[in-house]
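File shown: structure_3.cif (mmCIF, C-alpha atoms).
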```cif
data_input
#
loop_
_atom_site.label_atom_id
_atom_site.label_comp_id
_atom_site.auth_asym_id
_atom_site.auth_seq_id
_atom_site.Cartn_x
_atom_site.Cartn_y
_atom_site.Cartn_z
CA MET A 1 -29.17 -24.93 -44.29
CA ALA A 2 -28.71 -23.17 -47.63
CA GLY A 3 -32.48 -23.20 -48.20
CA GLU A 4 -33.17 -21.56 -44.83
CA ALA A 5 -30.57 -18.87 -45.43
CA SER A 6 -32.02 -17.84 -48.79
CA GLU A 7 -35.51 -17.60 -47.27
CA GLU A 8 -34.13 -15.15 -44.68
CA GLY A 9 -33.11 -12.69 -47.42
CA GLY A 10 -29.82 -13.95 -48.80
CA LEU A 11 -27.93 -13.75 -45.53
CA VAL A 12 -25.49 -16.58 -46.22
CA PHE A 13 -22.24 -17.09 -44.39
CA HIS A 14 -19.50 -19.07 -46.00
CA PRO A 15 -16.45 -17.50 -44.34
CA LEU A 16 -14.29 -20.54 -45.03
CA ASP A 17 -15.08 -20.88 -48.74
CA GLN A 18 -12.26 -18.48 -49.53
CA PHE A 19 -9.79 -21.17 -48.45
CA ILE A 20 -11.07 -23.85 -50.86
CA VAL A 21 -8.34 -25.12 -53.15
CA LYS A 22 -9.52 -24.98 -56.78
CA PRO A 23 -7.79 -26.09 -59.95
CA LEU A 24 -6.97 -23.16 -62.24
CA PHE A 25 -7.97 -25.08 -65.35
CA GLY A 26 -10.86 -27.49 -65.53
CA ASP A 27 -12.76 -29.13 -62.73
CA GLY A 28 -10.85 -32.31 -62.23
CA ALA A 29 -9.58 -33.88 -59.07
CA ILE A 30 -6.63 -32.20 -57.38
CA SER A 31 -3.48 -34.26 -57.51
CA PHE A 32 -0.21 -33.01 -56.09
CA TYR A 33 1.00 -31.40 -59.34
CA THR A 34 -2.30 -29.73 -60.36
CA LEU A 35 -1.99 -25.99 -60.96
CA THR A 36 -4.35 -24.51 -58.36
CA ASN A 37 -5.14 -21.14 -56.84
CA VAL A 38 -2.55 -22.03 -54.17
CA THR A 39 0.08 -22.47 -56.90
CA LEU A 40 -0.90 -19.16 -58.46
CA TRP A 41 -0.59 -17.14 -55.26
CA LEU A 42 2.61 -18.87 -54.17
CA ALA A 43 4.04 -17.96 -57.57
CA ILE A 44 2.84 -14.36 -57.23
CA ALA A 45 4.48 -14.12 -53.80
CA VAL A 46 7.79 -15.44 -55.16
CA LEU A 47 7.60 -13.12 -58.18
CA ALA A 48 6.76 -10.10 -56.03
CA ALA A 49 9.70 -10.82 -53.74
CA ALA A 50 11.94 -11.28 -56.78
CA LEU A 51 10.62 -8.02 -58.24
CA VAL A 52 11.62 -6.04 -55.16
CA PHE A 53 14.90 -7.84 -54.47
CA VAL A 54 16.21 -8.48 -57.98
CA TRP A 55 14.66 -5.85 -60.22
CA GLY A 56 14.57 -3.26 -57.43
CA THR A 57 18.27 -3.59 -56.70
CA SER A 58 19.38 -3.98 -60.32
CA GLY A 59 20.68 -0.39 -60.37
CA ARG A 60 23.19 -1.18 -57.57
CA LYS A 61 23.08 2.49 -56.70
CA ILE A 62 25.28 3.96 -53.98
CA VAL A 63 22.41 6.35 -53.25
CA PRO A 64 19.43 3.96 -53.42
CA GLY A 65 16.08 4.59 -55.08
CA ARG A 66 12.74 3.72 -53.47
CA LEU A 67 12.54 0.02 -54.25
CA GLN A 68 16.23 -0.51 -53.51
CA SER A 69 15.75 1.25 -50.16
CA VAL A 70 12.91 -1.12 -49.33
CA ALA A 71 15.02 -4.15 -50.24
CA GLU A 72 17.99 -2.84 -48.27
CA SER A 73 15.86 -2.03 -45.20
CA ILE A 74 14.36 -5.53 -45.14
CA TYR A 75 17.82 -7.03 -45.69
CA GLY A 76 19.28 -4.98 -42.83
CA PHE A 77 16.33 -5.76 -40.57
CA VAL A 78 16.57 -9.54 -41.00
CA TYR A 79 20.38 -9.52 -40.98
CA LYS A 80 20.45 -7.66 -37.68
CA MET A 81 17.80 -9.98 -36.25
CA VAL A 82 19.84 -13.06 -37.14
CA GLU A 83 23.04 -11.48 -35.83
CA ASP A 84 21.47 -10.31 -32.56
CA VAL A 85 19.66 -13.55 -31.76
CA CYS A 86 21.98 -16.25 -33.16
CA GLY A 87 25.31 -14.44 -32.90
CA LYS A 88 28.07 -14.19 -35.49
CA ASP A 89 28.08 -17.92 -36.30
CA GLY A 90 24.38 -17.75 -37.19
CA ILE A 91 25.09 -15.42 -40.12
CA LYS A 92 25.70 -18.31 -42.51
CA TYR A 93 22.05 -19.36 -42.09
CA PHE A 94 20.89 -15.84 -42.98
CA PRO A 95 19.80 -16.69 -46.57
CA TYR A 96 17.48 -19.45 -45.29
CA ILE A 97 15.91 -17.20 -42.68
CA MET A 98 15.62 -14.40 -45.23
CA THR A 99 13.79 -16.80 -47.57
CA LEU A 100 11.34 -17.76 -44.82
CA PHE A 101 10.73 -14.17 -43.79
CA LEU A 102 10.21 -12.86 -47.32
CA PHE A 103 7.97 -15.76 -48.28
CA ILE A 104 5.69 -15.27 -45.27
CA LEU A 105 5.76 -11.48 -45.53
CA PHE A 106 4.82 -11.39 -49.21
CA ALA A 107 2.26 -14.20 -48.90
CA ASN A 108 0.62 -12.43 -45.94
CA TYR A 109 0.43 -9.03 -47.60
CA LEU A 110 -0.66 -10.35 -51.00
CA ALA A 111 -3.43 -12.26 -49.21
CA LEU A 112 -4.86 -8.89 -48.13
CA LEU A 113 -5.70 -8.01 -51.74
CA PRO A 114 -9.39 -8.55 -52.47
CA MET A 115 -10.12 -11.81 -54.37
CA SER A 116 -6.67 -13.13 -53.51
CA TYR A 117 -5.86 -16.46 -51.90
CA SER A 118 -3.93 -16.69 -48.64
CA PRO A 119 -1.51 -19.64 -48.67
CA THR A 120 -0.24 -18.83 -45.16
CA SER A 121 -3.72 -19.50 -43.78
CA MET A 122 -3.40 -23.16 -44.77
CA ILE A 123 -2.14 -25.33 -41.96
CA ALA A 124 -0.53 -27.70 -44.48
CA ILE A 125 1.72 -24.92 -45.67
CA THR A 126 2.63 -23.43 -42.29
CA ALA A 127 3.16 -26.95 -40.92
CA VAL A 128 5.71 -27.63 -43.64
CA LEU A 129 7.45 -24.38 -42.67
CA GLY A 130 7.19 -25.03 -38.91
CA PHE A 131 8.19 -28.70 -38.98
CA GLY A 132 10.83 -27.93 -41.59
CA VAL A 133 12.44 -25.45 -39.21
CA PHE A 134 12.05 -27.94 -36.33
CA ILE A 135 13.69 -30.83 -38.20
CA VAL A 136 16.51 -28.73 -39.63
CA VAL A 137 17.27 -27.14 -36.27
CA THR A 138 17.20 -30.47 -34.42
CA VAL A 139 19.46 -32.19 -36.97
CA LEU A 140 21.77 -29.18 -36.95
CA GLY A 141 21.90 -29.29 -33.15
CA PHE A 142 23.03 -32.92 -33.14
CA VAL A 143 25.46 -32.44 -36.02
CA LEU A 144 27.12 -29.41 -34.45
CA ASN A 145 27.08 -30.51 -30.79
CA GLY A 146 26.79 -34.29 -30.88
CA PRO A 147 24.99 -35.93 -27.97
CA SER A 148 25.76 -32.90 -25.79
CA PHE A 149 22.87 -31.20 -27.60
CA LEU A 150 20.64 -33.15 -25.20
CA GLY A 151 22.22 -31.15 -22.37
CA MET A 152 19.84 -28.40 -23.40
CA PHE A 153 17.08 -30.31 -21.54
CA TRP A 154 19.12 -30.92 -18.41
CA MET A 155 19.21 -27.77 -16.27
CA LYS A 156 22.46 -27.85 -14.32
CA ASP A 157 21.50 -24.71 -12.38
CA ALA A 158 18.28 -26.27 -11.02
CA PRO A 159 18.16 -28.28 -7.75
CA ALA A 160 18.94 -31.96 -8.36
CA VAL A 161 15.43 -33.08 -7.40
CA LEU A 162 13.77 -30.81 -9.94
CA ARG A 163 16.10 -31.62 -12.83
CA PRO A 164 14.22 -34.71 -14.15
CA ILE A 165 10.87 -32.92 -13.90
CA ILE A 166 12.24 -29.87 -15.70
CA ALA A 167 13.78 -32.17 -18.31
CA VAL A 168 10.38 -33.74 -19.03
CA ILE A 169 8.75 -30.32 -19.31
CA GLU A 170 11.56 -29.07 -21.54
CA VAL A 171 11.27 -32.07 -23.85
CA ILE A 172 7.51 -31.65 -24.14
CA SER A 173 7.84 -27.93 -24.82
CA TYR A 174 10.54 -28.68 -27.39
CA PHE A 175 8.22 -30.99 -29.31
CA VAL A 176 5.30 -28.59 -29.05
CA ARG A 177 7.40 -25.87 -30.69
CA PRO A 178 6.69 -26.80 -34.34
CA VAL A 179 2.97 -27.19 -33.62
CA SER A 180 2.62 -23.78 -32.00
CA HIS A 181 5.00 -22.31 -34.55
CA SER A 182 2.83 -23.35 -37.49
CA ILE A 183 -0.62 -23.00 -35.92
CA ARG A 184 0.17 -19.47 -34.70
CA LEU A 185 0.73 -18.24 -38.25
CA ALA A 186 -2.10 -20.15 -39.93
CA GLY A 187 -4.52 -19.37 -37.11
CA ASN A 188 -3.85 -15.64 -37.15
CA VAL A 189 -4.18 -15.29 -40.89
CA MET A 190 -7.19 -17.59 -41.21
CA ALA A 191 -9.08 -15.99 -38.32
CA GLY A 192 -8.59 -12.49 -39.68
CA HIS A 193 -9.74 -13.41 -43.17
CA ALA A 194 -12.72 -15.38 -41.86
CA VAL A 195 -13.82 -12.48 -39.63
CA ILE A 196 -13.64 -10.08 -42.57
CA LYS A 197 -15.87 -12.49 -44.55
CA VAL A 198 -18.36 -12.68 -41.67
CA PHE A 199 -18.58 -8.89 -41.54
CA ALA A 200 -18.96 -8.89 -45.33
CA GLY A 201 -21.90 -11.31 -44.95
CA PHE A 202 -23.60 -8.91 -42.51
CA ALA A 203 -23.06 -6.03 -44.96
CA ALA A 204 -25.91 -7.52 -47.05
CA LEU A 205 -28.39 -6.39 -44.37
CA THR A 206 -29.20 -2.71 -44.99
CA LEU A 207 -29.75 -1.99 -41.32
CA VAL A 208 -26.36 -3.12 -40.07
CA SER A 209 -24.29 -2.59 -43.21
CA PRO A 210 -22.61 0.65 -42.01
CA VAL A 211 -21.46 -1.15 -38.86
CA ALA A 212 -20.40 -4.17 -40.93
CA ILE A 213 -18.38 -2.05 -43.33
CA LEU A 214 -16.78 -0.22 -40.40
CA GLY A 215 -15.98 -3.65 -38.97
CA ILE A 216 -14.39 -4.79 -42.23
CA THR A 217 -12.27 -1.64 -42.28
CA ALA A 218 -11.16 -2.06 -38.68
CA ILE A 219 -10.34 -5.75 -39.05
CA TYR A 220 -8.54 -5.04 -42.30
CA GLY A 221 -6.38 -2.50 -40.50
CA LEU A 222 -5.69 -5.06 -37.81
CA GLU A 223 -4.83 -7.65 -40.45
CA VAL A 224 -2.30 -5.31 -42.03
CA LEU A 225 -0.53 -5.27 -38.67
CA VAL A 226 -0.97 -9.00 -38.16
CA ALA A 227 0.48 -9.81 -41.59
CA GLY A 228 3.74 -8.05 -40.74
CA ILE A 229 3.88 -9.08 -37.10
CA GLN A 230 3.27 -12.77 -37.80
CA ALA A 231 6.02 -12.82 -40.42
CA TYR A 232 8.31 -11.20 -37.85
CA VAL A 233 7.25 -13.56 -35.05
CA PHE A 234 7.74 -16.65 -37.20
CA THR A 235 11.18 -15.47 -38.24
CA ILE A 236 12.43 -14.43 -34.82
CA LEU A 237 11.22 -17.73 -33.31
CA THR A 238 13.14 -19.52 -36.06
CA CYS A 239 16.21 -17.51 -35.01
CA VAL A 240 15.66 -18.44 -31.37
CA TYR A 241 15.36 -22.14 -32.22
CA LEU A 242 18.46 -21.87 -34.37
CA LYS A 243 20.31 -20.25 -31.49
CA ASP A 244 19.41 -23.26 -29.31
CA ALA A 245 20.98 -25.53 -31.91
CA LEU A 246 24.12 -23.39 -32.20
CA HIS A 247 24.60 -22.72 -28.47
CA PRO A 248 22.58 -25.32 -26.49
CA HIS A 249 24.31 -24.58 -23.17
CA HIS A 250 22.78 -21.27 -22.26
CA MET B 1 -29.27 -27.40 -62.53
CA ALA B 2 -26.73 -25.18 -60.91
CA THR B 3 -25.53 -27.97 -58.70
CA ASP B 4 -24.51 -30.03 -61.72
CA THR B 5 -21.51 -27.81 -62.44
CA HIS B 6 -20.21 -28.40 -58.95
CA GLU B 7 -20.79 -32.10 -59.07
CA ALA B 8 -17.30 -32.69 -60.41
CA THR B 9 -15.48 -30.75 -57.69
CA ALA B 10 -17.76 -32.01 -54.96
CA GLY B 11 -16.02 -34.54 -52.84
CA ALA B 12 -15.11 -35.08 -49.25
CA CYS B 13 -14.39 -31.40 -48.70
CA VAL B 14 -16.89 -29.50 -50.87
CA ASP B 15 -20.66 -29.97 -50.83
CA GLY B 16 -22.99 -29.88 -53.84
CA GLY B 17 -23.38 -26.08 -53.55
CA GLY B 18 -19.64 -25.42 -53.87
CA SER B 19 -19.24 -24.61 -50.19
CA ALA B 20 -16.64 -26.03 -47.88
CA ILE B 21 -17.52 -28.93 -45.63
CA GLY B 22 -15.68 -28.26 -42.38
CA MET B 23 -12.36 -26.44 -42.62
CA PRO B 24 -10.70 -26.46 -46.05
CA GLN B 25 -7.41 -26.32 -44.13
CA LEU B 26 -7.97 -29.88 -42.93
CA CYS B 27 -9.01 -31.41 -46.27
CA ALA B 28 -6.57 -34.27 -46.79
CA ASP B 29 -7.19 -34.38 -50.57
CA TRP B 30 -5.62 -30.94 -51.01
CA ILE B 31 -2.61 -31.25 -48.75
CA PRO B 32 -0.13 -32.92 -51.15
CA ASN B 33 -0.79 -30.24 -53.75
CA GLN B 34 -0.05 -27.42 -51.30
CA ILE B 35 3.10 -29.05 -49.98
CA PHE B 36 4.41 -29.77 -53.47
CA TRP B 37 3.95 -26.21 -54.71
CA LEU B 38 5.19 -24.72 -51.42
CA VAL B 39 8.45 -26.63 -51.67
CA ILE B 40 8.90 -25.49 -55.26
CA ALA B 41 8.12 -21.88 -54.29
CA LEU B 42 10.56 -21.94 -51.38
CA VAL B 43 13.35 -23.49 -53.42
CA ALA B 44 12.78 -20.94 -56.21
CA LEU B 45 12.76 -18.04 -53.76
CA PHE B 46 15.85 -19.37 -52.00
CA TYR B 47 17.78 -19.63 -55.26
CA ILE B 48 16.69 -16.18 -56.41
CA LEU B 49 17.74 -14.67 -53.09
CA SER B 50 20.96 -16.54 -52.41
CA ARG B 51 22.29 -16.44 -55.99
CA VAL B 52 21.29 -12.94 -57.06
CA ALA B 53 19.62 -10.64 -54.58
CA LEU B 54 21.48 -11.12 -51.30
CA PRO B 55 25.05 -11.02 -52.70
CA ARG B 56 24.10 -7.97 -54.71
CA ILE B 57 22.67 -6.11 -51.70
CA ALA B 58 25.66 -7.14 -49.57
CA SER B 59 28.07 -5.77 -52.18
CA VAL B 60 26.08 -2.54 -52.51
CA LEU B 61 26.08 -2.04 -48.73
CA ALA B 62 29.82 -2.80 -48.51
CA GLU B 63 30.54 -0.45 -51.40
CA ARG B 64 28.47 2.27 -49.77
CA SER B 65 30.22 2.03 -46.42
CA GLY B 66 33.56 1.99 -48.27
CA THR B 67 32.59 5.09 -50.23
CA ILE B 68 31.49 6.88 -47.05
CA THR B 69 34.77 6.03 -45.29
CA ASN B 70 36.78 7.19 -48.33
CA ASP B 71 34.80 10.40 -48.61
CA LEU B 72 35.32 11.18 -44.94
CA GLY B 73 39.06 10.54 -45.33
CA ALA B 74 39.20 12.73 -48.42
CA ALA B 75 37.31 15.49 -46.62
CA GLU B 76 39.76 15.33 -43.72
CA GLU B 77 42.69 15.55 -46.13
CA LEU B 78 41.15 18.47 -48.00
CA LYS B 79 40.56 20.27 -44.72
CA GLU B 80 44.21 19.79 -43.77
CA ARG B 81 45.29 21.06 -47.16
CA ALA B 82 43.05 24.09 -46.78
CA THR B 83 44.65 24.88 -43.41
CA GLU B 84 48.08 24.54 -44.97
CA ALA B 85 47.10 26.79 -47.85
CA GLU B 86 45.80 29.38 -45.42
CA ALA B 87 49.10 29.34 -43.49
CA ALA B 88 51.04 29.65 -46.74
CA TYR B 89 48.86 32.53 -47.82
CA ASP B 90 49.37 34.32 -44.49
CA LYS B 91 53.12 33.83 -44.75
CA ALA B 92 53.18 35.11 -48.33
CA LEU B 93 51.14 38.11 -47.28
CA ALA B 94 53.54 38.93 -44.41
CA ASP B 95 56.55 38.50 -46.71
CA ALA B 96 55.04 40.74 -49.34
CA ARG B 97 54.30 43.37 -46.76
CA ALA B 98 57.87 43.27 -45.39
CA GLN B 99 59.27 43.45 -48.92
CA ALA B 100 57.05 46.36 -49.76
CA ASN B 101 58.20 48.22 -46.64
CA GLU B 102 61.80 47.54 -47.58
CA ILE B 103 61.25 48.83 -51.12
CA VAL B 104 59.54 51.93 -49.80
CA ALA B 105 62.39 52.62 -47.35
CA LYS B 106 65.01 52.09 -50.06
CA ALA B 107 63.16 54.37 -52.47
CA LYS B 108 62.92 57.02 -49.75
CA ALA B 109 66.66 56.81 -49.07
CA ASP B 110 67.48 57.02 -52.79
CA ILE B 111 65.25 60.00 -53.24
CA GLN B 112 66.76 61.68 -50.19
CA ALA B 113 70.30 61.15 -51.48
CA GLU B 114 69.41 62.49 -54.92
CA LEU B 115 67.61 65.39 -53.33
CA ASP B 116 70.64 66.27 -51.18
CA VAL B 117 72.93 66.23 -54.21
CA GLU B 118 70.57 68.41 -56.20
CA LEU B 119 70.09 70.78 -53.27
CA SER B 120 73.83 71.28 -52.78
CA LYS B 121 74.27 71.79 -56.51
CA ALA B 122 71.49 74.31 -56.51
CA ASP B 123 72.98 76.05 -53.46
CA ALA B 124 76.35 76.30 -55.19
CA GLU B 125 74.76 77.64 -58.34
CA ILE B 126 72.77 80.17 -56.35
CA ALA B 127 75.92 81.28 -54.51
CA ALA B 128 77.77 81.66 -57.81
CA LYS B 129 74.94 83.65 -59.31
CA THR B 130 74.74 85.84 -56.19
CA ALA B 131 78.49 86.61 -56.33
CA GLU B 132 78.24 87.46 -60.02
CA SER B 133 75.27 89.67 -59.39
CA GLU B 134 77.01 91.46 -56.55
CA LYS B 135 80.00 92.11 -58.76
CA ALA B 136 77.75 93.40 -61.52
CA ILE B 137 75.89 95.60 -59.06
CA GLY B 138 79.27 97.01 -57.72
CA GLU B 139 80.41 97.79 -61.23
CA ILE B 140 77.14 99.45 -62.02
CA ARG B 141 77.36 101.46 -58.80
CA ASP B 142 80.98 102.55 -59.52
CA ASN B 143 80.06 103.54 -63.07
CA ALA B 144 77.10 105.47 -61.70
CA LEU B 145 79.27 107.33 -59.18
CA GLN B 146 81.82 108.16 -61.88
CA SER B 147 79.05 109.40 -64.09
CA VAL B 148 77.66 111.57 -61.28
CA ALA B 149 81.11 113.06 -60.65
CA ASP B 150 81.63 113.71 -64.34
CA VAL B 151 78.21 115.29 -64.71
CA ALA B 152 78.82 117.38 -61.55
CA LYS B 153 82.20 118.60 -62.84
CA ASP B 154 80.81 119.48 -66.21
CA THR B 155 77.82 121.16 -64.68
CA ALA B 156 79.96 123.06 -62.18
CA GLY B 157 82.23 124.19 -65.00
CA GLU B 158 79.26 125.35 -67.05
CA ILE B 159 77.72 127.13 -64.04
CA VAL B 160 81.03 128.92 -63.31
CA THR B 161 81.27 129.90 -66.98
CA ALA B 162 77.74 131.14 -66.98
CA LEU B 163 78.42 133.24 -63.86
CA GLY B 164 81.26 134.87 -65.69
CA GLY B 165 84.12 133.22 -63.92
CA THR B 166 87.10 131.51 -65.29
CA VAL B 167 87.10 127.90 -65.29
CA ASP B 168 89.73 126.41 -63.08
CA GLN B 169 89.32 122.83 -63.88
CA ASP B 170 91.49 121.50 -61.06
CA ALA B 171 89.69 123.51 -58.37
CA ILE B 172 86.30 122.38 -59.66
CA ASN B 173 87.41 118.73 -59.76
CA ALA B 174 88.70 118.98 -56.21
CA ALA B 175 85.56 120.67 -54.97
CA VAL B 176 83.22 118.21 -56.76
CA SER B 177 85.24 115.22 -55.63
CA ALA B 178 85.08 116.56 -52.05
CA ARG B 179 81.31 117.07 -52.27
CA VAL B 180 80.48 113.79 -54.06
CA GLY B 181 82.90 111.80 -52.00
CA GLY B 182 81.49 113.44 -48.83
CA GLY B 183 77.94 112.85 -50.06
CA SER B 184 78.51 109.25 -50.94
#
```
Output the file's structure as structure tokens, nothing else.
Amino acid sequence: MAGEASEEGGLVFHPLDQFIVKPLFGDGAISFYTLTNVTLWLAIAVLAAALVFVWGTSGRKIVPGRLQSVAESIYGFVYKMVEDVCGKDGIKYFPYIMTLFLFILFANYLALLPMSYSPTSMIAITAVLGFGVFIVVTVLGFVLNGPSFLGMFWMKDAPAVLRPIIAVIEVISYFVRPVSHSIRLAGNVMAGHAVIKVFAGFAALTLVSPVAILGITAIYGLEVLVAGIQAYVFTILTCVYLKDALHPHH
Amino acid sequence: MATDTHEATAGACVDGGGSAIGMPQLCADWIPNQIFWLVIALVALFYILSRVALPRIASVLAERSGTITNDLGAAEELKERATEAEAAYDKALADARAQANEIVAKAKADIQAELDVELSKADAEIAAKTAESEKAIGEIRDNALQSVADVAKDTAGEIVTALGGTVDQDAINAAVSARVGGGS
């Protein structure tokens, strides 16, 4: 494969190589505590979020500056989302949802820097987020509502004949939630980055390079949208799932 | 050989050329590492947000809405005070005007009274002066008439003497008195 590609004039596609996990120091095997490029970019995401939200608001100004305005807008945006979707009693989970949103938002946008690594494209990471939300919400549902949480699957408004069928469908869709929740985020980010790499591979051919560069630009623009939208989608779905746990009889 | 450097990292997920075999996302060797660091990152971010950032932003927002409410209240109060001040100013202006009119009227009356007194005094003085003058004029006239009679008598006597007559003083006096008295 590699030999053929080099004979054809260096047109080599490795769109998935950007997702390889590498140790930062040395070449050893990767155990769970090894400092890797994933570690580095997770740390950068956390530091960037801390920069905006801690350093940016350190002035505590009544009339905010730029960075404080950004922090306050994001705060207000997520706060309103939690309040609108989950209701007043969902507010106490706001810090957790804010953490999720900021983590995904900063990881997504930092991944758009050239040479960066995109942790949110890794299914292992989004699965931890997605299944984490699923487990927390399910446990919370049983703790808050007891066995009546199961009433969520039993549609009292439906005709009696259909109720068992709907219950089966509801249960299946409930257990599919974490899968779709995590694959949606990882899939969107990974696909975008891989497509940009494919266009970049074509840019090596003089004849098509203008089209390839135009393609990179267009997909990059799309990815800027996707980075924000996927963070929003993940967060609002988390709110919706949380609402089911808080008020299962709706 | 270039491939030698990659020999160490090559495993189930990376080939000898350093490229991914299949999807790196599904490489089981790398998953524990990602999960471990993700959990640490999330816990760190959660502590930073919930301990520092979110309470701070909440307090800033609360303080701001409090300040805005206070400022609006203060503005309302100031507006009320301004209206009051305007009313007070109008009242003071009206009072001052009324007082000024009063003072002007009083001054006019005073001046009029003084003027009347002075006028009557002047009238009296003028009347006195007129009477005195009339008396003086009468005296002067009487003296003048006497003088004319005397001069006429003397002259008549002289003329009679000059004509060679004898002077009869009594006749001359009678004649002159008759003429002057008739003439006057």
At a cut-off of 8 Å, which residues of chain A touch chain B? Count all atoms listed in the file and give the answer as a tab-separated table (two decimals) with C-alpha atoms, keeping the file's coordinate frame.
```tsv
chain	number	residue	atom	x	y	z
A	14	HIS	CA	-19.50	-19.07	-46.00
A	16	LEU	CA	-14.29	-20.54	-45.03
A	17	ASP	CA	-15.08	-20.88	-48.74
A	19	PHE	CA	-9.79	-21.17	-48.45
A	20	ILE	CA	-11.07	-23.85	-50.86
A	21	VAL	CA	-8.34	-25.12	-53.15
A	27	ASP	CA	-12.76	-29.13	-62.73
A	28	GLY	CA	-10.85	-32.31	-62.23
A	29	ALA	CA	-9.58	-33.88	-59.07
A	30	ILE	CA	-6.63	-32.20	-57.38
A	31	SER	CA	-3.48	-34.26	-57.51
A	32	PHE	CA	-0.21	-33.01	-56.09
A	33	TYR	CA	1.00	-31.40	-59.34
A	34	THR	CA	-2.30	-29.73	-60.36
A	38	VAL	CA	-2.55	-22.03	-54.17
A	39	THR	CA	0.08	-22.47	-56.90
A	42	LEU	CA	2.61	-18.87	-54.17
A	43	ALA	CA	4.04	-17.96	-57.57
A	46	VAL	CA	7.79	-15.44	-55.16
A	49	ALA	CA	9.70	-10.82	-53.74
A	50	ALA	CA	11.94	-11.28	-56.78
A	53	PHE	CA	14.90	-7.84	-54.47
A	54	VAL	CA	16.21	-8.48	-57.98
A	57	THR	CA	18.27	-3.59	-56.70
A	60	ARG	CA	23.19	-1.18	-57.57
A	61	LYS	CA	23.08	2.49	-56.70
A	62	ILE	CA	25.28	3.96	-53.98
A	72	GLU	CA	17.99	-2.84	-48.27
A	75	TYR	CA	17.82	-7.03	-45.69
A	95	PRO	CA	19.80	-16.69	-46.57
A	96	TYR	CA	17.48	-19.45	-45.29
A	99	THR	CA	13.79	-16.80	-47.57
A	100	LEU	CA	11.34	-17.76	-44.82
A	103	PHE	CA	7.97	-15.76	-48.28
A	121	SER	CA	-3.72	-19.50	-43.78
A	122	MET	CA	-3.40	-23.16	-44.77
A	123	ILE	CA	-2.14	-25.33	-41.96
A	124	ALA	CA	-0.53	-27.70	-44.48
A	125	ILE	CA	1.72	-24.92	-45.67
A	128	VAL	CA	5.71	-27.63	-43.64
```
**Close residues, region 146-159 of chain A itself excluded, 9 Å, all atoms listed in the file, min 6 positions apart in chain, as a list in words** = Thr138, Ile166, Ala167, Val168, Ile169, Glu170, Val171, Tyr174, Asp244, Ala245, His247, Pro248, His249 and His250 of chain A
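Interatomic distance, CA of Thr238 (chain A) to CA of Ile74 (chain A): 16.7 Å.
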**Prompt:** When the PyMOL selection byres ((chain A and resi 202-206) around 12) is applied to the file above, which residues end up in the set, as a PyMOL selection string?
**Reply:** chain A and resi 8-15+195-201+207-217
For the residues in that selection, give me C-alpha atoms as an mmCIF file, in the coordinates of the input.
```cif
data_model
loop_
_atom_site.group_PDB
_atom_site.id
_atom_site.type_symbol
_atom_site.label_atom_id
_atom_site.label_comp_id
_atom_site.auth_asym_id
_atom_site.auth_seq_id
_atom_site.Cartn_x
_atom_site.Cartn_y
_atom_site.Cartn_z
ATOM 1 C CA GLU A 8 -34.130 -15.150 -44.680
ATOM 2 C CA GLY A 9 -33.110 -12.690 -47.420
ATOM 3 C CA GLY A 10 -29.820 -13.950 -48.800
ATOM 4 C CA LEU A 11 -27.930 -13.750 -45.530
ATOM 5 C CA VAL A 12 -25.490 -16.580 -46.220
ATOM 6 C CA PHE A 13 -22.240 -17.090 -44.390
ATOM 7 C CA HIS A 14 -19.500 -19.070 -46.000
ATOM 8 C CA PRO A 15 -16.450 -17.500 -44.340
ATOM 9 C CA VAL A 195 -13.820 -12.480 -39.630
ATOM 10 C CA ILE A 196 -13.640 -10.080 -42.570
ATOM 11 C CA LYS A 197 -15.870 -12.490 -44.550
ATOM 12 C CA VAL A 198 -18.360 -12.680 -41.670
ATOM 13 C CA PHE A 199 -18.580 -8.890 -41.540
ATOM 14 C CA ALA A 200 -18.960 -8.890 -45.330
ATOM 15 C CA GLY A 201 -21.900 -11.310 -44.950
ATOM 16 C CA LEU A 207 -29.750 -1.990 -41.320
ATOM 17 C CA VAL A 208 -26.360 -3.120 -40.070
ATOM 18 C CA SER A 209 -24.290 -2.590 -43.210
ATOM 19 C CA PRO A 210 -22.610 0.650 -42.010
ATOM 20 C CA VAL A 211 -21.460 -1.150 -38.860
ATOM 21 C CA ALA A 212 -20.400 -4.170 -40.930
ATOM 22 C CA ILE A 213 -18.380 -2.050 -43.330
ATOM 23 C CA LEU A 214 -16.780 -0.220 -40.400
ATOM 24 C CA GLY A 215 -15.980 -3.650 -38.970
ATOM 25 C CA ILE A 216 -14.390 -4.790 -42.230
ATOM 26 C CA THR A 217 -12.270 -1.640 -42.280
#
```
**Prompt:** CA of Asp123 (chain B) and CA of Ala105 (chain B), how far apart in Å?
**Reply:** 26.4 Å
**Item:** Answer key for the PyMOL selection byres ((chain A and resi 81) around 12), residues as a PyMOL selection string
**Value:** chain A and resi 74-80+82-88+90-91+93-94+97-98+101+232-233+235-240+243
**Point-to-point distance in Å for CA of Leu93 (chain B) and CA of Glu76 (chain B)** =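 CA of Leu93 (chain B) lies at a distance of 25.7 Å from CA of Glu76 (chain B).
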**Request:** Would you kindly translate the PyMOL selection byres ((chain B and resi 165-172) around 12) into the concrete residues it picks from this file, as an NGL selection string?
**Result:** :B and (149-164 or 173-180)
**Prompt:** Hey, what's within 12 Å of Ala186 (chain A) if we count all atoms listed in the file and toss same-chain stuff fewer than 5 positions away? As a PyMOL selection string, please?
**Reply:** (chain A and resi 19+104+107-108+118-130+179-181+191-194+226-227+230-231+234) or (chain B and resi 25-26)
